[in-house]
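Each remark here refers to the structure printed beneath this line.
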Amino acid sequence: MNRPTLAVWKFTSCDGCQLTLLDCEDELLAVAEAVEIRHFPEATRKDLPGPFDVSLVEGSISTPREVERIKRIREESGLLVAIGACATSGGIQALRNFADLREFQRIVYPHPEFLASLEHVTPIATHVDVDYELRGCPIDKRQLVGLLSALLKGRRPDLPKGSVCNDCKRRGVTCLLVEGREPCLGPITQAGCGAICPSYGRGCYGCFGPSGSTRPEALIPVLRGAGLDDPGIVRMLRTYNAAAPQTAAVSTELEGAGDDA
Amino acid sequence: MLFDHPPPEVIDRAGLDQLVKLLRADGYTVIGPTVRGDAIVLAELANGADLPDGIGVDTDAGRYRLRRRGDRAVFNHSAGPQSWKQFVHPPRQRLDGPETVHRYAFLGTRPCDLAALAVLDGVLGAAPHPDERYLARRDEIFVVAVNCVEPGSTCFCASMGIGPKADRGYDLVLTERTGHEHRFLISAGSVAGEEMMDRLSHRRASGGEIAAGLQALDDAADSMGRTMPEVDLRGLLVRARRSDHWEEVANRCLACANCTMVCPTCFCTTVEDTTDLEGDHAERWQRWGSCFDPDFSFVHGGPVRETVGSRYRQWMSHKLSTWYDQFGTSGCVGCGRCIAWCPAGIDLTAEAAALAEKEEAP
């Protein structure tokens with residue numbers, strides 16, 4: 001029987017999302033049996049040609065070569081799934097979108113003239129059509145296995161677009177913001193992690209990026225009430241999904257207002 | 001306001017412990033308020049000592065704090081983060097498999113929450129399409145209600161015509177009396193309740209105790225922190241469909257769904273199938289959904305309710321108006337949870353008042 005073919009691709013990223021697939025210890029053999037893995041740099045040197053039924057793409061588009069490469073992968077792939085914060089919003093390296101790239105290059109590299117970087121870091125969907133997105137830094141193992149299981153059976157994967165608050169409430173985790181315990185991005189962040197951080201008494205730091213109905217502007221007065229000053233709010237909004245358009249608009253406006261003052 | 005006949009008896013704090021013990025001995029999983037972290041949650045009680053001991057709460061819009069009280073009160077706290085909904089209509093349940101039904105005893109159900117259970121009965125338990133799983137869970141429950149002598153600042157059940165006194169839907173009802181002698185007036189509301197009363201150490205209540213209990217409930221009715229405006233809410237919300245107020249609320253609303261999750265009557269769910277990698281095993285799961293989620297009204301082409309304002313309008317209109325059309329009652333019982341547990345502090349009573357005011361002076 002011909003098994004569906006799977007490829008896992010790496011762009012500008014830390015490999016942590018690929019690692020999540022390897023972390024699926026109990027399910028890994030089942031995955032390897034259910035699909036033929038043809039490309040997966042984190043796991044194997046084997047590199048077989050396409051086409052691929054499913055491509056999982058990790059990382060952001062940060063260099064001119066990556067722009068060309070993702071187009072080729074799109075052409076060779078049936079379904080293309082962007083995995084992780086880098087692939088879905090640009091990731092932590094997109095912080096340079098808010099700063100001067102050449103200044104960074106001068107500080108870090110003795111010969112910046114050898115670098116070929118794009119002015120801005122962008123997510124996969126900026127360049128090619130993406131069929132599904134797995135959010136998170138890193139992605140959630142259950143969502144990954146759930147997605148693969150769904151795609152193997154031709155089912156729509158269960159990827160809710162609501163806020164982390166949904167998961168907190170379903171789990172019986174009480175609200176850090178309302179109890180005055182921690183600033184939390186849960187109300188504007190997409191569910192899917194199972195509310196890990198709030199369940200340990202830590203505020204959500206938004207690694208799943210904006211929810212489908214995100215309203216970061218409405219959270220600003222709430223975060224001020226939780227004791228953050230505006231530079232603190234900008235820092236909180238600018239972590240793993242800093243360049244997600246909804247969040248970036250709000251953090252940029254807030255920063256601009258601070259500069260004016 | 002009259003107590004039920006026969007007149008109430010009295011149990012002391014040890015009597016409450018005894019009640020928990022007897023219910024557990026009868027095979028009930030006893031659920032009641034207990035302090036966990038920085039909130040009073042509803043969870044299984046191993047014994048009476050798990051109940052709050054002199055812990056109260058300060059609540060306001062978007063705010064909830066525990067505080068130590070000057071007394072040893074067990075039930076004087078309001079608007080907790082959870083409701084009894086989670087036990088009769090669980091946040092997640094598998095629909096295509098057998099289910100172990102707990103025999104629950106609810107200890108400390110307030111009048112607002114009794115009313116909420118009655119609302120859920122009308123939604124999930126009524127003909128022509130009763131939810132059999134809901135009915136199975138509901139049938140087994142022994143309810144010990146608590147009259148509300150100390151409403152919180154987000155409470156408004158009196159203006160919804162509900163509390164602060166429980167009038168039906170319980171097996172036993174308590175009225176907590178703190179002060180120099182910590183005790184509880186207790187009455188039965190069912191045969192099962194009477195039988196339990198007979199097994200509890202209790203004494204007759206004096207005329208003074210009964211009068212003081214009644215007075216406390218009268219005072220409670222007047223000390224609700226909030227009031228729903230005295231207008232025809234049902235008609236107001238119908239007429240307000242095109243109000244510009246919805247966009248004003250939307251500016252403050254996080255669309256995070258907390259109000260719907262903490263609401264003791266919000267019943268909406270979504271269903272998802274799961275399969276394993278081998279394809280040998282499939283399951284069908286139901287979980288709480290919310291009208292604030294973009295997926296909720298998603299049909300071909302996109303969500304019907306695209307704006308946050310339209311989602312808030314849907315929620316508020318359903319609670320206060322279209323619920324009557326659908327189920328014959330209000331969907332709101334005045335518990336105030338949506339006010340306290342909204343991170344942005346949006347206040348349903350204030351929004352209703354604003355709509356009423358705008359209608360008068362457009």
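How things are named: the first chain in the structure tokens is A, the next is B, and so on; residues count from 1 in each chain; ligands count from 1 in the order shown.
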What's around segment 124-139 of chain A at 6 Å? Count only C-alpha atoms, leave out sequence neighbours fewer than 2 positions away in its own chain, and write the answer as a PyMOL selection string.
chain A and resi 16-17+80-85+87+207-208
Store the residues of this selection in a file with C-alpha atoms, as a PDB file, in the first residue's frame.
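Result went into again.pdb, see below:
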```
ATOM      1  CA  GLY A  16      12.027  23.325  18.433  1.00  0.00           C
ATOM      2  CA  CYS A  17       8.857  22.634  16.470  1.00  0.00           C
ATOM      3  CA  LEU A  80       1.168  22.748   3.328  1.00  0.00           C
ATOM      4  CA  VAL A  81       1.015  23.306   7.071  1.00  0.00           C
ATOM      5  CA  ALA A  82       2.932  26.163   8.706  1.00  0.00           C
ATOM      6  CA  ILE A  83       4.074  25.066  12.166  1.00  0.00           C
ATOM      7  CA  GLY A  84       5.085  27.310  15.014  1.00  0.00           C
ATOM      8  CA  ALA A  85       5.288  31.023  15.766  1.00  0.00           C
ATOM      9  CA  ALA A  87       6.188  30.111  10.372  1.00  0.00           C
ATOM     10  CA  CYS A 207       3.159  32.200  22.174  1.00  0.00           C
ATOM     11  CA  PHE A 208       0.120  30.972  20.195  1.00  0.00           C
TER      12      PHE A 208
END
```
Using DSSP secondary structure from the backbone, list all strand (DSSP E) positions within segment 23-152 of chain A, as a PyMOL selection string.
chain A and resi 36-39+52-58+77-83+132-134
Test item: residues at most 7 Å from Leu185 of chain B, only C-alpha atoms, excluding those fewer than 2 positions along its chain, as a list in words
Pro8, Glu9, Val10, Ile11, Leu174, Thr175, Glu176, Arg183 and Ser187 of chain B
Compile the contact shell of segment 334-336 of chain B as a short mmCIF file (atom, residue, chain, number, x, y, z; two decimals) with C-alpha atoms, in the first residue's frame: residues with an atom at most 8 Å away, counting only C-alpha atoms, same-chain residues fewer than 5 positions apart removed.
```
data_model
loop_
_atom_site.label_atom_id
_atom_site.label_comp_id
_atom_site.auth_asym_id
_atom_site.auth_seq_id
_atom_site.Cartn_x
_atom_site.Cartn_y
_atom_site.Cartn_z
CA ALA B 79 -19.70 35.14 42.42
CA CYS B 112 -29.24 32.27 41.87
CA ASP B 113 -27.62 28.94 41.13
CA THR B 154 -21.70 42.23 41.61
CA CYS B 155 -24.91 40.46 42.73
CA PHE B 156 -28.32 41.44 41.35
CA CYS B 157 -30.51 38.36 41.78
CA ALA B 158 -33.16 40.29 43.73
CA SER B 159 -33.81 42.53 40.73
CA MET B 160 -34.15 39.41 38.55
CA ILE B 162 -34.87 35.31 42.17
#
```
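Closest approach to Leu214 of chain B from the set B:Gly345, B:Pro130, B:Pro7, B:Gly27 is made by B:Pro7, with distances taken over only C-alpha atoms.
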So which residues touch Gly90 of chain A within 6 Å, counting only C-alpha atoms, skipping near sequence neighbours fewer than 3 positions away, as a list in words?
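Near neighbours after the sequence-gap exclusion: Ser60, Cys86, Ala87, Ala94, Val121, Thr122 and Pro123 of chain A.
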Using only C-alpha atoms, what does the table of chain B residues within 8 Å of chain A look like, with each row giving the shortest atom pair and its distance in Å to one decimal, sorted by chain and ascending number, as CSV?
```
residue,atom,partner,partner_atom,distance
B:Asp38,CA,A:Glu179,CA,6.8
B:Ala39,CA,A:Thr174,CA,7.2
B:Gly62,CA,A:Val178,CA,5.4
B:Arg63,CA,A:Val178,CA,4.7
B:Tyr64,CA,A:Glu179,CA,5.1
B:Arg65,CA,A:Glu179,CA,5.8
B:Pro81,CA,A:Thr174,CA,6.3
B:Gln82,CA,A:Gly172,CA,7.4
B:Pro91,CA,A:Arg170,CA,5.1
B:Arg92,CA,A:Arg170,CA,7.4
B:Asn251,CA,A:Ala218,CA,6.5
B:Arg252,CA,A:Ala218,CA,5.2
B:Cys253,CA,A:Ala218,CA,6.3
B:Leu254,CA,A:Arg215,CA,5.3
B:Ala255,CA,A:Ser213,CA,6.2
B:Cys256,CA,A:Pro187,CA,4.8
B:Ala257,CA,A:Asn166,CA,6.5
B:Asn258,CA,A:Cys165,CA,6.2
B:Met261,CA,A:Lys169,CA,6.2
B:Val262,CA,A:Lys169,CA,7.4
B:Glu272,CA,A:Asp158,CA,6.8
B:Thr274,CA,A:Gly146,CA,7.3
B:Thr275,CA,A:Ser149,CA,6.1
B:Asp276,CA,A:Ser149,CA,5.8
B:Leu277,CA,A:Ser149,CA,4.7
B:Glu278,CA,A:Ala34,CA,6.7
B:Gly279,CA,A:Lys153,CA,7.2
B:Trp288,CA,A:Arg170,CA,7.2
B:Phe292,CA,A:Gly162,CA,7.8
B:Asp293,CA,A:Gly162,CA,5.0
B:Pro294,CA,A:Gly212,CA,6.1
B:Asp295,CA,A:Lys161,CA,6.7
B:Val308,CA,A:Ser213,CA,7.5
B:Ala340,CA,A:Val178,CA,7.5
B:Trp341,CA,A:Val178,CA,6.1
B:Cys342,CA,A:Val178,CA,7.5
B:Pro343,CA,A:Val178,CA,5.7
B:Ala344,CA,A:Val222,CA,6.0
```
Can I get the selected residues back with C-alpha atoms, as a CSV table (one decimal), in the first residue's frame?
```csv
chain,number,residue,atom,x,y,z
B,38,ASP,CA,-6.7,32.7,45.3
B,39,ALA,CA,-10.4,31.8,44.7
B,62,GLY,CA,-13.2,42.5,36.6
B,63,ARG,CA,-12.0,42.0,40.1
B,64,TYR,CA,-12.1,39.2,42.7
B,65,ARG,CA,-10.1,39.0,45.9
B,81,PRO,CA,-15.2,31.6,39.3
B,82,GLN,CA,-17.2,28.4,38.7
B,91,PRO,CA,-16.8,21.3,30.0
B,92,ARG,CA,-15.8,18.2,28.0
B,251,ASN,CA,-14.4,48.9,22.0
B,252,ARG,CA,-14.0,47.5,25.6
B,253,CYS,CA,-14.8,43.9,24.9
B,254,LEU,CA,-12.0,41.4,24.6
B,255,ALA,CA,-14.2,38.8,22.8
B,256,CYS,CA,-12.4,36.3,25.1
B,257,ALA,CA,-15.6,34.3,26.0
B,258,ASN,CA,-15.1,34.5,29.8
B,261,MET,CA,-17.8,30.3,30.3
B,262,VAL,CA,-18.6,31.5,33.8
B,272,GLU,CA,-15.3,17.4,17.4
B,274,THR,CA,-11.0,12.5,16.8
B,275,THR,CA,-9.3,9.5,15.2
B,276,ASP,CA,-6.0,7.9,16.0
B,277,LEU,CA,-3.1,7.6,13.6
B,278,GLU,CA,-3.9,4.0,12.7
B,279,GLY,CA,-7.5,4.9,12.0
B,288,TRP,CA,-18.3,24.1,25.9
B,292,PHE,CA,-17.8,35.0,21.2
B,293,ASP,CA,-15.6,32.6,19.2
B,294,PRO,CA,-15.4,33.3,15.4
B,295,ASP,CA,-16.0,29.6,14.8
B,308,VAL,CA,-17.3,41.9,18.3
B,340,ALA,CA,-16.7,39.9,38.2
B,341,TRP,CA,-14.9,37.5,35.8
B,342,CYS,CA,-14.8,39.8,32.7
B,343,PRO,CA,-11.1,40.8,32.6
B,344,ALA,CA,-12.3,44.1,31.0
```
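For the set A:Ala43, A:Thr252, A:Arg235, A:Ile70, the residue with the smallest atom-to-atom gap to Asp23 of chain A is A:Ala43, counting only C-alpha atoms.
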Need to verify the contact set: segment 346-361 of chain B, 8 Å, only C-alpha atoms, exclusion of same-chain residues closer than 6 positions in sequence. Can you return it as JSON, numbers by chain?
{"B": [61, 62, 226, 227, 228, 229, 231, 233, 236, 240, 243, 245, 249, 252, 253, 316, 338, 339]}
Please produce a file of those selected residues containing C-alpha atoms, as an mmCIF file, in the first residue's frame.
```
data_model
loop_
_atom_site.group_PDB
_atom_site.id
_atom_site.type_symbol
_atom_site.label_atom_id
_atom_site.label_comp_id
_atom_site.auth_asym_id
_atom_site.auth_seq_id
_atom_site.Cartn_x
_atom_site.Cartn_y
_atom_site.Cartn_z
ATOM 1 C CA ALA B 61 -16.285 44.478 37.757
ATOM 2 C CA GLY B 62 -13.226 42.532 36.585
ATOM 3 C CA ARG B 226 -26.067 45.910 41.549
ATOM 4 C CA THR B 227 -29.543 46.208 40.106
ATOM 5 C CA MET B 228 -30.899 45.350 36.708
ATOM 6 C CA PRO B 229 -32.861 48.390 35.461
ATOM 7 C CA VAL B 231 -37.587 48.112 32.362
ATOM 8 C CA LEU B 233 -35.636 44.010 29.160
ATOM 9 C CA LEU B 236 -35.606 46.725 25.136
ATOM 10 C CA ALA B 240 -31.900 47.852 20.491
ATOM 11 C CA SER B 243 -28.230 50.593 18.524
ATOM 12 C CA HIS B 245 -24.186 51.118 21.728
ATOM 13 C CA VAL B 249 -19.257 47.992 24.096
ATOM 14 C CA ARG B 252 -14.006 47.548 25.555
ATOM 15 C CA CYS B 253 -14.824 43.889 24.879
ATOM 16 C CA MET B 316 -26.797 39.900 25.857
ATOM 17 C CA CYS B 338 -20.053 37.702 34.095
ATOM 18 C CA ILE B 339 -19.336 41.067 35.724
#
```
Nearest to Asp222 of chain B by atom-to-atom distance, counting only C-alpha atoms, from B:Glu283, B:Glu150, B:Asp26, B:Asp121
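Distance minimum relative to Asp222 of chain B lands on B:Glu150.
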From the DSSP assignment of the backbone, select every residue of segment 307-357 of chain B that is helix (DSSP H, G or I), and format the answer as a PyMOL selection string.
chain B and resi 308-327+337-340+348-357
Pick out the residues sitting within 12 Å of Asp47 of chain A, and hand them over as number ranges by chain; count only C-alpha atoms, and ignore anything fewer than 4 positions along from it in its own chain.
A: 6-9, 36-43
Tell me, in Å to one decimal, how far atom CA of Ala212 of chain B is from atom CA of Phe184 of chain B.
11.8 Å
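Our summary of the geometry notes that atom CA of Gln286 of chain B is positioned 29.5 Å from atom CA of Leu22 of chain A.
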